[in-house]
Each structure stands twice: as C-alpha cells, then as structure tokens.
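Here is the structure we will look at.
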Amino acid sequence: MPILEHENLLAGFQSDVVTEPITVAPEQELSVGQVFALNASGQAVSMNAESVASDVYGIMADAVATATGETKEAVGYKRGEFNARKIILPEGTDAVLYKKALSNIGITLRNTVPADPQGEE
C-alpha cells in the first residue's frame, strides 16, 4: 500500500501564495522546495555554493529533471509563507542571506514545529 507523504512546504496563510509557470533549463535537477535562479535565457537553474543569494528567483513547486538540450515546463512559487525546514538551499551557503533575499521578493520563511518534536518525524 503506497504511503501518502505531504511536503509540508507551505507555512501559514497570512499572505497569498503566488505561483508562476517557468521553463527549466537543460541539464538541471530541481526538487520541490529548492530555491532557483534564472539564467540569461530566463530559464530556471539550480543554485550552488558559488551562487549569489540575491539572484534567487523563487522556490520550486515541482520536481523536474532535464537532459542535455531538453527544457521542461514547471511551476515555481514567487510569493507566500513557507516552512523554513523544507526549503532546499545550496550546501555551504549562508541561510540568513537567502532568507533576506527571499523576503525581498515576497517569500517569507517560517520556523515551524516538527510533527514529532523528538526527531522521529
């Protein structure tokens, strides 16, 4: 029997959640909740440790992988309140810089209480 898992990405309803259709660039692997930027062609790309936090464009609403020369349509979140524990930031980056950058574009990260405070979520 399959197990239904919820992403628990949204965190509150003080502000409206706004989504936007996006095109994912070739050779990308983006997960639900991952922050992304746009390349020079306006296509979604993953951010890494060398990325500048202020380049963040949104948070992925879909999980998408593309091959060489392939683009795919997806959806990204542009505004709203999100669970800070579920947002995927680039490894080795300053979370405070990303929190500020996301806030500047209308995305608020909220610290939520895990379903199991003992850590056995």
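Numbering starts fresh at 1 for the residues of each chain in the structure tokens, the chains themselves are lettered A, B, ... in the order given, and ligands are numbered from 1 as they appear.
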Near stretch 66-70 of chain A, within 9 Å and counting only C-alpha atoms, which residues show up once chain neighbours fewer than 6 positions away are dropped, as an NGL selection string? :A and (24-30)
For A:Ala53, list every protein, DNA or RNA residue within 8 Å, evaluated using only C-alpha atoms, and leave out those in the same chain fewer than 4 positions away; present the list as a list in words.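 Counting only the stated atoms, we get Leu97, Tyr98 and Ala101 of chain A.
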Nearest-residue call for A:Lys86, choices A:Ser41, A:Met60, A:Asp55, A:Thr71, using only C-alpha atoms: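 Of A:Ser41, A:Met60, A:Asp55, A:Thr71, the one nearest A:Lys86, counting only C-alpha atoms, is A:Met60.
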A:Val52 environment, 12 Å, only C-alpha atoms, sequence neighbours closer than 5 positions dropped, as a ChimeraX atom specification: /A:35-38,46-47,57,89-90,93-95,97-98,101
Which is closest to A:Leu102 among A:Ser54, A:Asp62, A:Gly76, A:Asn83, if we use only C-alpha atoms?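 Selected residue with least distance to A:Leu102: A:Ser54.
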Which residues come within 10 Å of A:Glu91, counting only C-alpha atoms, excluding same-chain residues fewer than 5 positions away, as a ChimeraX atom specification? /A:47-50
Proximity to A:Ala74 - best of A:Leu109, A:Ala61, A:Val17, A:Ile88, only C-alpha atoms: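 For A:Ala74, the nearest of the candidates is A:Ala61.
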Please measure the separation of atom CA of A:Asn111 and atom CA of A:Gly80, giving the value in Å to one decimal.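 Computing it gives 13.9 Å between the two atoms.
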From a DSSP calculation on the backbone, collect every residue of stretch 2-121 of chain A in strand (DSSP E) and output the set as a ChimeraX atom specification. /A:18-24,29-30,35-38,44-46,58-60,64-65,72-83,107-110
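We find atom CA of A:Val18 and atom CA of A:Gly92 to be spaced 28.3 Å apart.
Of the residues listed (A:Ile87, A:Val96, A:Ile22, A:Ile105), A:Ile87 shows the shortest atom-to-atom separation from A:Ile59; distances use only C-alpha atoms.
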So which residues of stretch 64-118 of chain A fall under alpha helix (DSSP H) by DSSP, listed as a PyMOL selection string? chain A and resi 95-104
Between atom CA of A:Gly58 and atom CA of A:Thr19, what is the spacing in Å?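 Separating atom CA of A:Thr19 from atom CA of A:Gly58 is a distance of 9.1 Å.
In terms of minimum interatomic distance to A:Gly33, A:Arg85 ranks closest within A:Asn104, A:Arg85, A:Lys99, A:Arg110, counting only C-alpha atoms.
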